[in-house]
Every structure is written in structure tokens, then in C-alpha cells.
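This is work_2.txt. It holds compact mmCIF, C-alpha atoms.
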```txt
# COMPACT_ATOMS: atom_id res chain seq x y z
CA MET U 1 -20.38 -15.59 -76.97
CA ALA U 2 -23.37 -13.66 -75.68
CA ASP U 3 -26.86 -14.79 -76.63
CA ILE U 4 -28.21 -11.72 -78.45
CA ARG U 5 -31.77 -11.49 -79.80
CA TYR U 6 -33.20 -9.10 -82.38
CA GLU U 7 -36.63 -8.19 -83.71
CA ALA U 8 -36.68 -11.20 -86.03
CA ASP U 9 -36.37 -13.46 -82.96
CA VAL U 10 -39.52 -12.11 -81.31
CA ASP U 11 -42.88 -13.88 -81.41
CA PRO U 12 -45.27 -11.09 -82.50
CA ARG U 13 -48.17 -12.81 -80.75
CA ALA U 14 -46.61 -12.73 -77.29
CA LEU U 15 -48.15 -9.38 -76.23
CA GLN U 16 -51.10 -9.41 -78.61
CA GLY U 17 -54.19 -8.04 -76.89
CA ALA U 18 -52.38 -7.50 -73.59
CA THR U 19 -52.97 -4.48 -71.37
CA ILE U 20 -49.70 -3.15 -69.98
CA ALA U 21 -49.57 -1.09 -66.78
CA VAL U 22 -46.48 1.07 -66.36
CA ILE U 23 -46.10 1.94 -62.68
CA GLY U 24 -44.09 5.15 -62.46
CA TYR U 25 -43.44 7.92 -64.97
CA GLY U 26 -39.85 8.95 -64.27
CA SER U 27 -36.77 8.48 -66.44
CA GLN U 28 -37.55 4.91 -67.47
CA GLY U 29 -41.31 4.95 -66.96
CA HIS U 30 -42.10 7.70 -69.43
CA ALA U 31 -39.94 6.15 -72.16
CA HIS U 32 -41.39 2.65 -71.70
CA ALA U 33 -44.97 3.93 -71.67
CA LEU U 34 -44.62 6.09 -74.76
CA ASN U 35 -42.66 3.50 -76.75
CA LEU U 36 -45.12 0.75 -75.84
CA ARG U 37 -48.03 2.99 -76.86
CA ASP U 38 -46.40 3.92 -80.15
CA SER U 39 -45.74 0.23 -80.86
CA GLY U 40 -49.49 -0.31 -80.81
CA HIS U 41 -50.02 -1.71 -77.32
CA GLN U 42 -52.72 -0.84 -74.80
CA VAL U 43 -50.93 1.11 -72.06
CA VAL U 44 -52.11 2.60 -68.79
CA VAL U 45 -49.81 4.57 -66.50
CA GLY U 46 -50.14 3.96 -62.77
CA LEU U 47 -49.29 6.81 -60.40
CA ALA U 48 -50.06 7.99 -56.90
CA ALA U 49 -52.98 10.37 -56.50
CA GLY U 50 -51.63 13.90 -56.73
CA SER U 51 -48.46 12.87 -58.57
CA ARG U 52 -46.69 15.69 -60.36
CA SER U 53 -46.33 13.37 -63.35
CA TRP U 54 -50.07 12.78 -63.78
CA ALA U 55 -50.74 15.84 -65.94
CA LYS U 56 -47.53 15.26 -67.90
CA ALA U 57 -48.53 11.71 -68.83
CA GLU U 58 -52.04 12.80 -69.79
CA ALA U 59 -50.58 15.59 -71.93
CA GLU U 60 -48.68 12.90 -73.83
CA GLY U 61 -52.01 11.23 -74.63
CA LEU U 62 -51.63 8.40 -72.14
CA GLN U 63 -54.35 6.96 -69.95
CA VAL U 64 -53.50 7.49 -66.27
CA ARG U 65 -54.98 5.82 -63.20
CA GLU U 66 -53.99 5.36 -59.60
CA ALA U 67 -51.37 2.63 -59.44
CA ARG U 68 -53.64 0.04 -57.83
CA ASP U 69 -56.34 0.55 -60.43
CA ALA U 70 -53.82 0.38 -63.27
CA ALA U 71 -52.42 -2.92 -62.01
CA ARG U 72 -55.86 -4.41 -61.37
CA GLY U 73 -56.75 -4.65 -65.04
CA ALA U 74 -53.31 -5.34 -66.50
CA ASP U 75 -51.87 -8.50 -67.99
CA VAL U 76 -48.32 -7.13 -67.84
CA ILE U 77 -47.19 -4.83 -65.03
CA ALA U 78 -43.93 -2.89 -65.45
CA LEU U 79 -42.64 -1.74 -62.07
CA LEU U 80 -40.53 1.30 -62.96
CA VAL U 81 -40.30 3.34 -59.78
CA PRO U 82 -36.87 3.69 -58.09
CA ASP U 83 -35.48 0.60 -56.33
CA GLN U 84 -36.12 1.88 -52.84
CA HIS U 85 -39.83 2.32 -53.59
CA HIS U 86 -40.40 -1.14 -55.09
CA ARG U 87 -41.55 -2.78 -51.88
CA ALA U 88 -44.22 -0.19 -51.10
CA ALA U 89 -45.41 0.00 -54.70
CA TYR U 90 -45.53 -3.77 -55.10
CA GLU U 91 -47.32 -4.45 -51.84
CA HIS U 92 -49.89 -1.70 -52.34
CA ALA U 93 -50.58 -1.78 -56.05
CA ILE U 94 -49.48 -5.14 -57.45
CA ALA U 95 -49.58 -7.89 -54.83
CA PRO U 96 -53.40 -7.90 -54.51
CA PHE U 97 -53.67 -8.81 -58.22
CA ALA U 98 -50.54 -10.94 -58.66
CA GLY U 99 -50.93 -14.52 -59.75
CA PRO U 100 -51.38 -16.79 -62.76
CA GLY U 101 -51.73 -15.02 -66.07
CA ARG U 102 -49.84 -11.90 -64.95
CA THR U 103 -46.30 -10.86 -65.83
CA LEU U 104 -44.16 -8.56 -63.71
CA VAL U 105 -41.49 -6.62 -65.64
CA VAL U 106 -38.63 -4.79 -63.94
CA ALA U 107 -35.88 -2.71 -65.54
CA HIS U 108 -33.41 -3.41 -62.74
CA ALA U 109 -33.12 -6.68 -60.81
CA PHE U 110 -32.40 -5.14 -57.40
CA SER U 111 -35.72 -5.71 -55.65
CA VAL U 112 -36.30 -9.22 -57.00
CA HIS U 113 -32.75 -10.50 -56.57
CA PHE U 114 -32.27 -9.06 -53.09
CA LYS U 115 -35.83 -10.03 -52.13
CA THR U 116 -37.15 -6.64 -51.10
CA ILE U 117 -40.25 -7.84 -52.95
CA GLN U 118 -41.57 -11.40 -53.14
CA PRO U 119 -43.46 -11.85 -56.44
CA ALA U 120 -46.36 -14.30 -56.30
CA ALA U 121 -45.31 -17.82 -57.25
CA GLY U 122 -47.91 -18.10 -60.01
CA MET U 123 -46.83 -15.07 -62.04
CA ASP U 124 -44.06 -14.64 -64.60
CA VAL U 125 -41.22 -12.32 -63.55
CA VAL U 126 -38.89 -10.91 -66.20
CA LEU U 127 -36.21 -8.29 -66.60
CA VAL U 128 -35.85 -5.88 -69.53
CA ALA U 129 -33.03 -3.46 -68.74
CA PRO U 130 -32.30 -0.82 -71.41
CA LYS U 131 -28.67 0.33 -71.34
CA ALA U 132 -29.39 4.05 -71.61
CA PRO U 133 -31.30 6.75 -69.73
CA GLY U 134 -34.98 6.98 -70.55
CA HIS U 135 -34.75 10.22 -72.49
CA ARG U 136 -32.15 8.71 -74.84
CA MET U 137 -34.19 5.55 -75.17
CA ARG U 138 -37.18 7.63 -76.25
CA GLU U 139 -35.17 9.79 -78.67
CA LEU U 140 -33.73 6.80 -80.50
CA TYR U 141 -37.10 5.06 -80.66
CA VAL U 142 -38.62 8.12 -82.35
CA GLU U 143 -35.70 8.13 -84.80
CA GLY U 144 -36.48 4.52 -85.71
CA ARG U 145 -33.54 3.12 -83.78
CA GLY U 146 -33.12 1.66 -80.31
CA VAL U 147 -30.77 1.17 -77.38
CA PRO U 148 -29.40 -2.27 -76.45
CA ALA U 149 -30.89 -4.01 -73.44
CA LEU U 150 -30.44 -7.00 -71.18
CA PHE U 151 -33.21 -9.53 -70.60
CA ALA U 152 -33.68 -12.32 -68.08
CA VAL U 153 -36.34 -14.56 -66.58
CA ALA U 154 -36.66 -15.07 -62.81
CA GLN U 155 -39.99 -16.94 -62.78
CA ASP U 156 -41.61 -18.77 -65.68
CA ALA U 157 -44.93 -19.96 -64.29
CA SER U 158 -46.66 -19.86 -67.68
CA GLY U 159 -43.89 -21.34 -69.82
CA ARG U 160 -44.05 -18.16 -71.94
CA ALA U 161 -42.05 -15.73 -69.84
CA GLU U 162 -39.12 -15.45 -72.26
CA ARG U 163 -41.45 -14.81 -75.19
CA THR U 164 -43.12 -12.05 -73.21
CA ALA U 165 -39.81 -10.47 -72.22
CA LEU U 166 -38.56 -10.41 -75.81
CA ALA U 167 -41.86 -9.01 -77.07
CA TYR U 168 -41.67 -6.28 -74.43
CA ALA U 169 -38.07 -5.51 -75.45
CA LYS U 170 -39.19 -5.19 -79.05
CA ALA U 171 -42.11 -2.95 -78.12
CA VAL U 172 -39.86 -0.48 -76.30
CA GLY U 173 -37.42 -0.46 -79.24
CA CYS U 174 -34.52 -2.37 -77.72
CA ALA U 175 -34.68 -5.40 -80.01
CA ARG U 176 -33.80 -3.06 -82.88
CA ALA U 177 -30.30 -2.76 -81.39
CA GLY U 178 -30.06 -6.17 -79.73
CA VAL U 179 -31.11 -7.73 -76.44
CA ILE U 180 -28.56 -9.77 -74.48
CA ARG U 181 -29.60 -12.70 -72.32
CA THR U 182 -28.44 -12.44 -68.72
CA THR U 183 -29.63 -13.42 -65.25
CA PHE U 184 -31.14 -11.29 -62.50
CA ALA U 185 -28.00 -11.86 -60.42
CA GLU U 186 -25.59 -10.88 -63.20
CA GLU U 187 -27.51 -7.74 -64.14
CA VAL U 188 -27.80 -6.26 -60.66
CA GLU U 189 -24.40 -7.35 -59.35
CA THR U 190 -22.47 -5.97 -62.32
CA ASP U 191 -24.60 -2.81 -62.31
CA LEU U 192 -24.01 -2.03 -58.63
CA PHE U 193 -20.33 -2.88 -58.84
CA GLY U 194 -19.85 -0.71 -61.93
CA GLU U 195 -21.60 2.25 -60.32
CA GLN U 196 -19.64 2.01 -57.09
CA ALA U 197 -16.16 1.01 -58.23
CA VAL U 198 -15.91 2.70 -61.63
CA LEU U 199 -18.68 4.88 -63.06
CA CYS U 200 -19.71 6.96 -60.06
CA GLY U 201 -17.69 6.16 -56.95
CA GLY U 202 -14.42 5.30 -58.65
CA VAL U 203 -14.37 8.18 -61.13
CA SER U 204 -15.58 10.74 -58.58
CA GLU U 205 -12.90 9.81 -56.07
CA LEU U 206 -10.19 9.67 -58.74
CA ILE U 207 -11.09 13.18 -59.93
CA LYS U 208 -11.22 14.54 -56.38
CA ALA U 209 -7.91 12.92 -55.43
CA GLY U 210 -6.16 14.30 -58.51
CA PHE U 211 -7.56 17.79 -58.00
CA GLU U 212 -6.68 17.86 -54.30
CA THR U 213 -3.16 16.52 -54.96
CA LEU U 214 -2.44 19.39 -57.37
CA VAL U 215 -3.98 22.07 -55.14
CA GLU U 216 -2.12 20.82 -52.06
CA ALA U 217 1.09 21.04 -54.10
CA GLY U 218 0.44 24.75 -54.74
CA TYR U 219 -1.09 24.73 -58.21
CA GLN U 220 -4.04 26.97 -59.01
CA PRO U 221 -7.42 25.27 -58.39
CA GLU U 222 -8.67 26.50 -61.75
CA VAL U 223 -5.81 24.80 -63.62
CA ALA U 224 -6.26 21.64 -61.56
CA PHE U 225 -9.96 21.62 -62.41
CA PHE U 226 -9.28 21.68 -66.15
CA GLU U 227 -6.72 18.88 -65.93
CA CYS U 228 -8.60 16.55 -63.58
CA LEU U 229 -12.29 17.11 -64.36
CA ASN U 230 -13.01 19.23 -67.41
CA GLU U 231 -10.86 17.18 -69.79
CA MET U 232 -12.34 13.92 -68.50
CA LYS U 233 -15.19 14.28 -70.99
CA LEU U 234 -12.78 14.47 -73.92
CA ILE U 235 -11.11 11.22 -72.88
CA VAL U 236 -14.32 9.37 -72.05
CA ASP U 237 -15.88 10.40 -75.37
CA LEU U 238 -12.92 8.89 -77.21
CA MET U 239 -13.25 5.66 -75.22
CA TYR U 240 -16.99 5.57 -75.86
CA GLU U 241 -16.50 6.01 -79.59
CA GLY U 242 -13.68 3.54 -80.14
CA GLY U 243 -12.48 1.90 -76.94
CA LEU U 244 -9.24 2.37 -75.05
CA SER U 245 -7.17 1.82 -78.21
CA TYR U 246 -8.91 4.67 -80.04
CA MET U 247 -8.41 6.98 -77.06
CA ARG U 248 -4.71 6.13 -76.97
CA TYR U 249 -4.46 6.62 -80.73
CA SER U 250 -6.08 10.04 -80.42
CA VAL U 251 -4.00 11.50 -77.60
CA SER U 252 -0.34 12.45 -77.75
CA ASP U 253 2.45 9.87 -77.49
CA THR U 254 3.40 11.59 -74.23
CA ALA U 255 -0.08 11.02 -72.80
CA GLU U 256 -0.16 7.44 -74.03
CA PHE U 257 3.19 6.62 -72.45
CA GLY U 258 2.03 8.20 -69.18
CA ASP U 259 -1.12 6.05 -69.35
CA TYR U 260 0.94 2.86 -69.51
CA THR U 261 3.56 3.84 -66.92
CA SER U 262 1.56 5.65 -64.24
CA GLY U 263 -1.97 4.27 -64.59
CA PRO U 264 -1.09 0.88 -63.04
CA ARG U 265 0.72 2.67 -60.16
CA VAL U 266 -2.47 4.56 -59.26
CA ILE U 267 -4.87 1.66 -59.83
CA ASP U 268 -2.56 -0.87 -58.21
CA ALA U 269 -2.96 -4.30 -56.62
CA ARG U 270 -4.37 -2.75 -53.44
CA VAL U 271 -7.09 -0.93 -55.40
CA ARG U 272 -7.95 -4.11 -57.28
CA GLU U 273 -8.26 -5.99 -53.99
CA THR U 274 -10.59 -3.27 -52.70
CA MET U 275 -12.68 -3.69 -55.86
CA ARG U 276 -12.95 -7.41 -55.11
CA GLN U 277 -14.17 -6.56 -51.61
CA VAL U 278 -16.76 -4.16 -53.04
CA LEU U 279 -17.95 -6.87 -55.44
CA ALA U 280 -18.17 -9.41 -52.61
CA GLU U 281 -20.37 -7.05 -50.58
CA VAL U 282 -22.61 -6.52 -53.62
CA ARG U 283 -22.91 -10.25 -54.30
CA ASP U 284 -23.71 -11.35 -50.76
CA GLY U 285 -26.32 -8.61 -50.27
CA THR U 286 -24.37 -6.62 -47.67
CA TRP U 287 -24.49 -3.41 -49.67
CA ALA U 288 -28.16 -3.84 -50.63
CA ARG U 289 -29.12 -4.29 -46.98
CA LYS U 290 -27.05 -1.23 -46.07
CA TRP U 291 -28.83 0.91 -48.68
CA ILE U 292 -32.32 -0.27 -47.76
CA ALA U 293 -31.62 0.33 -44.05
CA GLU U 294 -30.28 3.81 -44.89
CA TYR U 295 -33.36 4.68 -46.92
CA GLU U 296 -35.78 3.38 -44.28
CA LYS U 297 -34.14 5.70 -41.71
CA GLY U 298 -34.77 8.66 -44.02
CA ALA U 299 -31.34 8.53 -45.72
CA PRO U 300 -29.52 10.80 -43.23
CA THR U 301 -26.04 9.72 -44.36
CA LEU U 302 -26.93 10.17 -48.02
CA ARG U 303 -28.32 13.65 -47.42
CA ALA U 304 -25.45 14.83 -45.26
CA THR U 305 -22.84 13.53 -47.69
CA ARG U 306 -24.67 15.01 -50.67
CA SER U 307 -24.72 18.44 -49.04
CA ARG U 308 -21.06 18.25 -48.03
CA GLU U 309 -19.95 17.13 -51.49
CA GLN U 310 -21.79 20.00 -53.17
CA GLN U 311 -19.78 22.51 -51.14
CA GLN U 312 -16.29 21.12 -51.80
CA GLN U 313 -13.72 23.32 -53.53
CA LEU U 314 -13.78 21.25 -56.72
CA GLU U 315 -17.48 21.98 -57.19
CA GLN U 316 -17.16 25.66 -56.33
CA VAL U 317 -14.32 26.14 -58.83
CA GLY U 318 -16.26 24.22 -61.45
CA ARG U 319 -19.30 26.44 -61.12
CA ARG U 320 -17.14 29.52 -61.67
CA LEU U 321 -15.31 28.10 -64.67
CA ARG U 322 -18.41 26.78 -66.40
CA ALA U 323 -19.70 30.34 -66.40
CA MET U 324 -16.76 31.11 -68.75
CA MET U 325 -17.91 28.48 -71.24
CA PRO U 326 -20.85 29.95 -73.20
CA TRP U 327 -21.22 26.78 -75.27
CA LEU U 328 -22.27 24.78 -72.22
CA PRO U 329 -25.86 24.73 -70.99
CA LYS U 330 -25.72 26.50 -67.64
CA LYS U 331 -27.08 23.82 -65.35
CA GLY U 332 -27.09 23.38 -61.63
CA ILE U 333 -28.81 21.02 -59.25
CA ALA U 334 -31.29 22.00 -56.57
CA ILE U 335 -32.02 19.17 -54.17
CA GLU U 336 -35.18 19.23 -52.10
CA ALA U 337 -35.15 18.36 -48.44
CA ALA U 338 -37.29 15.23 -48.62
CA ASP U 339 -37.10 11.98 -50.55
CA ALA U 340 -40.36 10.69 -49.14
CA ALA U 341 -42.30 7.95 -50.88
CA ALA U 342 -45.49 9.14 -52.47
CA PRO U 343 -48.78 8.15 -50.83
CA GLY U 344 -50.05 4.76 -51.84
CA GLY U 345 -46.66 3.31 -52.62
CA ALA U 346 -46.30 4.50 -56.25
CA ALA U 347 -43.50 6.88 -55.55
CA GLU U 348 -41.82 9.22 -57.95
CA ALA U 349 -38.12 9.32 -58.66
CA PRO U 350 -35.96 10.88 -55.90
CA THR U 351 -36.99 14.46 -55.34
CA ARG U 352 -34.26 16.19 -57.29
CA GLN U 353 -34.81 19.10 -59.59
CA GLU U 354 -32.57 20.38 -62.33
CA VAL U 355 -32.44 24.17 -62.51
CA ARG U 356 -30.68 26.81 -64.52
CA ALA U 357 -27.65 28.02 -62.64
```

Take the structure I supplied and represent it as C-alpha cells, if you would.
Amino acid sequence: MADIRYEADVDPRALQGATIAVIGYGSQGHAHALNLRDSGHQVVVGLAAGSRSWAKAEAEGLQVREARDAARGADVIALLVPDQHHRAAYEHAIAPFAGPGRTLVVAHAFSVHFKTIQPAAGMDVVLVAPKAPGHRMRELYVEGRGVPALFAVAQDASGRAERTALAYAKAVGCARAGVIRTTFAEEVETDLFGEQAVLCGGVSELIKAGFETLVEAGYQPEVAFFECLNEMKLIVDLMYEGGLSYMRYSVSDTAEFGDYTSGPRVIDARVRETMRQVLAEVRDGTWARKWIAEYEKGAPTLRATRSREQQQQLEQVGRRLRAMMPWLPKKGIAIEAADAAAPGGAAEAPTRQEVRA
């Protein structure tokens, strides 16, 4: 059974009087900073000079400083910029002040586990990983609820690292729902595998393959879109609400029988072996090294693939059909040309902008 902790398990003295620096103000950063502040803690947001988020954080009533200055005076430093910016942010803003008496908090174990950063031996290093996007984390906190999270300790120089991690989880609202003990390795390896094999890579390729199979067989692209992409949300919502059994209970007997008979033919032994290979590359660091090398070259493969994928027939048909659905928010994605790290190492999230289509 999992080791799950709740608010009653938290030592209320663990963060008492501590100054917490939140480095970054993106999806996770803004939610952590606001929830910590509203839980009564002293919070300072650390950003690069000229950051687009500076005015936004100040408008929320938060104190904002350049990242290095924020880290200088902090007891707890939450590094919440994207993974690929951790090294620059840590080396510039945190490393000069790392050492005994300081705690480094990350929300994803990537940089610590794969050693793109090397935290000082004398500091505590902990993980608090909420299992929801930042905006949802903030919404539920305001409602008096919380999202579940994972927590782990990588370095316990003080002997109090776990107490600090749990107190931080409580302060951001996660201990209301429950915080599950894990390890840095388990968190990042399962996360990367899930993204690549199931949640993003697996689902995207399954949808594309189904759509293309129907279109190649002569069916209308619009009909193929509804069957292979649009209705995916209906099925996933049922799974989310009650698991696979509830989904199967909710669909027709015809659909359920097709699930059992054809699903294992599509996701067969060969696919499962490929998943094992993907997991092996995640666990031994091969994929992490590949991603870091890609980013350091300016992410040419990522950018070219992103552009190509946006122009595929599936996406073009989807844009047309969503215009027929007045109940949907009409959203599109504009992607800027550069993903450059912000000056001084405290980079923003990848330079993507959501726009009205």
C-alpha cells in the first residue's frame, strides 16, 4: 500500500518563519507562490529582469525580485522553471547561496535525478509534485480543496527534509487531498514514460493512425475525425470519472465487445515490447540526454516536427469542424520562433501563446 500523508501528518513548525523563494512564475510557479502566500508564508518570486511575468506577479500582490536576489535571502527555494532551464537557473541564481540551512524544492525530479544540476551537499533537496496543472491547483486551493501530490527526499542534510517537504505540500494545498511518498527516480521515470508511451506520444499516434487508416480506405476525413479524435474526450472522461469498468458500463455492448476483441490486437505484444524499450531508455538516461542535447542545439528537431504536425490533415479538418461547435471555446495555438532562455538563467516557460482562433 502507498504511504499517503495528509494535513494531520504535517508538523506545523516545519516552515515557521521561513522565507520561500519561488523561481519562475509559469504554470506551476504562479500556483505555488499564491497558495504559499495565502497559507501565511513569506514568499518572494524570483524572475529574470524584464520578464513578462513580473508585472503579473506584482499585480497579484506578490513581492518580486531578480532570481538571484530572491534566492539570496531565502530559506526554501522552489525551482519551478521548465526542466531544460534548471541548469542555467540553478547555476546563476541558486548555487552561490546553496548550502547548510537551505532547502531546494522541485516539482519534477528530472534535473536532480538525471544530474543536469548538482545541488550542494549541505542542503536539503526535496520533491513536491502536484498531479494537476497549476491553474487547476490554484482553483481547488481557493475552493478549500487540493490536488494530490507526490513527495520525495533526495538529500537530507539537516535531518528535517521530510518535515519540510510535507509542510510545503500542505502550504500549497496538496495535503488536503493526500501526498504519496515516492522517490526521485520513480517520479521522473514514470512521468516520462507515461507522457511518451501513453498520454502524449501513444494517444497522439493512435489517433493519427486511426484517422489515416479510415481516410486511406476512402472514408470522409470529417467522419474519421469525429470517430478517432472528437469522441476521445467522451471516453477519457468516463475513464477519469470511474475507471475502465465505468467506461465499459457506459458505452454500448457492441463497443464493449469491440474493446475486448480488437484492443489487444492493436496494442499487441510488439507494442508492449516497444513500451519496455521506451521505459529502458528513460531509466538509463538515454532519453534525457537526447532531450538536453536537442535543447542545447536550439531544438531544431522539435521545432520542425511541431510545425509539420500542425499542418497535417487531421489538424486542418479539426479546425474546420470545431468552428461548427459553438459550445467549444474557439482556441488555437500560435508558437513563437524562439524558445530562448531568459537572461540570467531564470527562464520563462516555453514561448508558446494561446490565441483565439

Query raised in the report: Excluding same-chain residues fewer than 5 positions from U:Met247, what lies within 12 Å of it counting only C-alpha atoms, as a list in words?
Result: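 After dropping sequence-adjacent residues, the list is Met232, Lys233, Leu234, Ile235, Val236, Asp237, Leu238, Met239, Tyr240, Glu241, Gly242, Ser252, Asp253, Ala255, Glu256 and Asp259 of chain U.
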
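Minimum atom-to-atom distance to U:His92, evaluated using only C-alpha atoms, belongs to U:Asp69 out of U:Glu195, U:Ala109, U:Leu80, U:Asp69.
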
Requested in this report: Check the smallest atom-to-atom distance from each of U:Ala121, U:Leu166, U:Ala157, U:Ala67 to U:Tyr6 using only C-alpha atoms, then report the winner.
Outcome: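 The closest residue to U:Tyr6 is U:Leu166.
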
Query raised in the report: Using all atoms listed in the file, which of U:Val251, U:Leu279, U:Ala120, U:Ala167 sits nearest U:Arg13?
Result: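 Of all the options, U:Ala167 lies closest to U:Arg13.
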
Query - Selected residue, from U:Arg160, U:Arg306, U:Arg5, U:His30, that lies nearest to U:Pro100 when counting only C-alpha atoms - result: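 Of the candidates, the smallest distance to U:Pro100 is held by U:Arg160.
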
Query raised in the report: Out of U:Ala197, U:Ser262, U:Arg308, U:Met137, which residue has the shortest atom-to-atom distance to U:Gln277 when counting all atoms listed in the file?
Result: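 Using all atoms listed in the file, U:Gln277 sits closest to U:Ala197.
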
Dig up all the protein and nucleic acid residues within 12 Å of (-48.7, 0.6, -82.7) in the file frame, using only C-alpha atoms, and format them as a short mmCIF file (atom, residue, chain, number, x, y, z; two decimals) with C-alpha atoms, in the coordinates of the input.
```cif
data_model
loop_
_atom_site.label_atom_id
_atom_site.label_comp_id
_atom_site.auth_asym_id
_atom_site.auth_seq_id
_atom_site.Cartn_x
_atom_site.Cartn_y
_atom_site.Cartn_z
CA LEU U 15 -48.15 -9.38 -76.23
CA GLN U 16 -51.10 -9.41 -78.61
CA GLY U 17 -54.19 -8.04 -76.89
CA LEU U 34 -44.62 6.09 -74.76
CA ASN U 35 -42.66 3.50 -76.75
CA LEU U 36 -45.12 0.75 -75.84
CA ARG U 37 -48.03 2.99 -76.86
CA ASP U 38 -46.40 3.92 -80.15
CA SER U 39 -45.74 0.23 -80.86
CA GLY U 40 -49.49 -0.31 -80.81
CA HIS U 41 -50.02 -1.71 -77.32
CA GLN U 42 -52.72 -0.84 -74.80
CA VAL U 43 -50.93 1.11 -72.06
CA LYS U 170 -39.19 -5.19 -79.05
CA ALA U 171 -42.11 -2.95 -78.12
CA VAL U 172 -39.86 -0.48 -76.30
CA GLY U 173 -37.42 -0.46 -79.24
#
```

Query raised in the report: Which one of U:Leu321, U:Ile4, U:Ala293, U:Val198 sits closest to U:Thr274 if you count only C-alpha atoms?
Result: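 Comparing U:Leu321, U:Ile4, U:Ala293, U:Val198 against U:Thr274, the winner is U:Val198.
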
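We find atom CA of U:Gly210 and atom CA of U:Thr301 to be spaced 24.8 Å apart.
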
Find the nearest atom pair between each residue of stretch 179-215 of chain U and stretch 220-228 of chain U for residues within 6 Å, count all atoms listed in the file, give distances in Å to one decimal, sort rows by chain and ascending number, and present the table as JSON lines.
```
{"residue": "U:Ile207", "atom": "CA", "partner": "U:Cys228", "partner_atom": "CA", "distance": 5.6}
{"residue": "U:Phe211", "atom": "CA", "partner": "U:Ala224", "partner_atom": "CA", "distance": 5.4}
{"residue": "U:Val215", "atom": "CA", "partner": "U:Pro221", "partner_atom": "CA", "distance": 5.7}
```

Requested in this report: One decimal, Å: what's the distance from atom CA of U:Tyr260 over to atom CA of U:Gln196, could you say?
Outcome: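 Separation of atom CA of U:Tyr260 and atom CA of U:Gln196: 24.1 Å.
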
Report task. Extract, using only C-alpha atoms, all DNA, RNA and protein residues at most 12 Å from U:Thr286, discarding same-chain residues fewer than 5 positions from it, and format them as a list in words. Result ->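 Answer for this query is Phe114, Glu189, Leu192, Gln277, Val278, Leu279, Ala280, Glu281, Trp291, Ile292 and Ala293 of chain U.
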